[in-house]
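Asks: Next up is a structure, given as structure tokens.
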Amino acid sequence: QVQVVESGGGLVQPGGSLRLSCAASGRIFSSYTMAWYRQAPEKQREWVATITSGSRTNYTDSVKGRFTISRDIRKNTVYLQMNSLKPEDTAAYYCNARFREYSYWGQGTQVTVSS
């Protein structure tokens, strides 16, 4: 069983920055595809960004140029650097670890962008 734990959420003003962290257990962390999703109130969960085991990245259009996903294999951790935050980025952010047919989710961390 892989455990996934997010941290780093909080309240930030529009235009501000936050860095989310996602720690995943398991000796094969380097083989996982890691992704961030988010879910705003009364909306469906949406995909935000992905980083593959080969460190290839992809982003949803609304965050391109503002968010950066990265991974530190030594720490079994994935990061989501979020800059130029907007009120519409407000959501619970979830980390997902995927390997073959297995998929693991964290409990989420809340990000609120408000003045």
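Letters A, B, ... go to the chains of the structure tokens in the order shown; residues in each chain start at 1; ligands are counted from 1 in the same order.
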Near Ile51 of chain A, counting only C-alpha atoms, which residues have an atom at most 9 Å away, once you skip same-chain residues fewer than 4 positions from it, shown as a ChimeraX atom specification?
Replies: /A:32-35,55-58,69-71,78
Asks: Name the residues in contact with Gly10 of chain A at a cut-off of 12 Å, using only C-alpha atoms, excluding same-chain residues fewer than 5 positions from it; report them as a list of chain:residue names.
Replies: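 After dropping sequence-adjacent residues, the list is A:Gly16, A:Ser17, A:Leu18, A:Arg19, A:Leu20, A:Met82, A:Asp89, A:Thr90, A:Ala91, A:Ala92, A:Tyr93, A:Gly108, A:Thr109, A:Gln110, A:Val111, A:Thr112, A:Val113, A:Ser114.
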Asks: Using the selection just defined, write its residues with C-alpha atoms as a PDB file, in the first residue's frame.
Replies:
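Result saved to again08.pdb:
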ATOM      1  CA  GLY A  16       0.734  35.404  -4.577  1.00  0.00           C
ATOM      2  CA  SER A  17       2.542  32.066  -4.553  1.00  0.00           C
ATOM      3  CA  LEU A  18       2.341  28.752  -2.748  1.00  0.00           C
ATOM      4  CA  ARG A  19       4.291  25.515  -3.015  1.00  0.00           C
ATOM      5  CA  LEU A  20       2.461  22.279  -2.408  1.00  0.00           C
ATOM      6  CA  MET A  82       2.001  27.890  -7.917  1.00  0.00           C
ATOM      7  CA  ASP A  89      -7.429  28.557  -8.324  1.00  0.00           C
ATOM      8  CA  THR A  90      -9.219  28.151  -5.002  1.00  0.00           C
ATOM      9  CA  ALA A  91      -9.800  24.432  -4.447  1.00  0.00           C
ATOM     10  CA  ALA A  92      -8.773  21.372  -2.536  1.00  0.00           C
ATOM     11  CA  TYR A  93      -5.646  20.040  -4.211  1.00  0.00           C
ATOM     12  CA  GLY A 108      -5.930  16.804  -0.104  1.00  0.00           C
ATOM     13  CA  THR A 109      -4.775  20.238   0.974  1.00  0.00           C
ATOM     14  CA  GLN A 110      -6.886  23.384   0.738  1.00  0.00           C
ATOM     15  CA  VAL A 111      -5.744  26.387  -1.271  1.00  0.00           C
ATOM     16  CA  THR A 112      -7.727  29.592  -0.906  1.00  0.00           C
ATOM     17  CA  VAL A 113      -6.911  32.639  -3.017  1.00  0.00           C
ATOM     18  CA  SER A 114      -8.646  35.699  -1.643  1.00  0.00           C
TER      19      SER A 114
END
Asks: If you count only C-alpha atoms, which residues fall within 10 Å of Thr60 of chain A, apart from same-chain ones fewer than 3 positions away, as a short mmCIF file (atom, residue, chain, number, x, y, z; two decimals) with N, CA, C and O atoms, in the first residue's frame?
Replies:
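The resulting result.cif:
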data_model
loop_
_atom_site.label_atom_id
_atom_site.label_comp_id
_atom_site.auth_asym_id
_atom_site.auth_seq_id
_atom_site.Cartn_x
_atom_site.Cartn_y
_atom_site.Cartn_z
N TYR A 37 -4.37 17.12 -8.89
CA TYR A 37 -5.74 17.42 -9.29
C TYR A 37 -6.29 18.45 -8.31
O TYR A 37 -5.71 18.67 -7.23
N GLU A 46 -10.70 18.13 -11.21
CA GLU A 46 -10.05 18.32 -12.50
C GLU A 46 -8.55 18.10 -12.38
O GLU A 46 -7.93 18.40 -11.36
N TRP A 47 -7.99 17.61 -13.45
CA TRP A 47 -6.55 17.39 -13.53
C TRP A 47 -5.83 18.72 -13.68
O TRP A 47 -6.28 19.60 -14.41
N VAL A 48 -4.68 18.86 -13.00
CA VAL A 48 -3.90 20.09 -13.04
C VAL A 48 -2.56 19.89 -13.74
O VAL A 48 -2.21 20.64 -14.65
N ALA A 49 -1.81 18.89 -13.30
CA ALA A 49 -0.46 18.71 -13.84
C ALA A 49 0.01 17.28 -13.59
O ALA A 49 -0.44 16.63 -12.65
N THR A 50 0.92 16.83 -14.44
CA THR A 50 1.49 15.49 -14.34
C THR A 50 2.99 15.54 -14.54
O THR A 50 3.48 16.35 -15.35
N VAL A 63 -3.34 26.67 -16.13
CA VAL A 63 -2.23 26.90 -15.21
C VAL A 63 -0.89 26.99 -15.92
O VAL A 63 0.14 27.24 -15.29
N LYS A 64 -0.87 26.79 -17.22
CA LYS A 64 0.39 26.85 -17.97
C LYS A 64 1.04 28.21 -17.79
O LYS A 64 0.39 29.24 -17.91
N PHE A 67 2.10 27.50 -13.01
CA PHE A 67 2.38 26.37 -12.11
C PHE A 67 3.53 25.54 -12.67
O PHE A 67 3.67 25.39 -13.89
#
Asks: Determine the nearest neighbour of Val4 of chain A from the options A:Asn96, A:Gln39, A:Ser84, A:Ser30, counting only C-alpha atoms.
Replies: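 Closest candidate: A:Asn96.
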Asks: Please identify the strand (DSSP E) residues within chain A (assignment by DSSP from backbone atoms) and present them as number ranges by chain.
Replies: A: 4-7, 10-12, 18-24, 33-39, 46-51, 57-59, 67-72, 77-82, 91-99, 102-105, 109-113
Asks: Which residue is closest to Trp105 of chain A? Choose from A:Ala23, A:Gly8, A:Asn76, A:Gln13 and count only C-alpha atoms.
Replies: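 Among the listed residues, the smallest separation from Trp105 of chain A belongs to A:Ala23.
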Asks: Interatomic distance between atom CA of Gly54 of chain A and atom CA of Asn83 of chain A?
Replies: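 Interatomic distance here is 24.2 Å.
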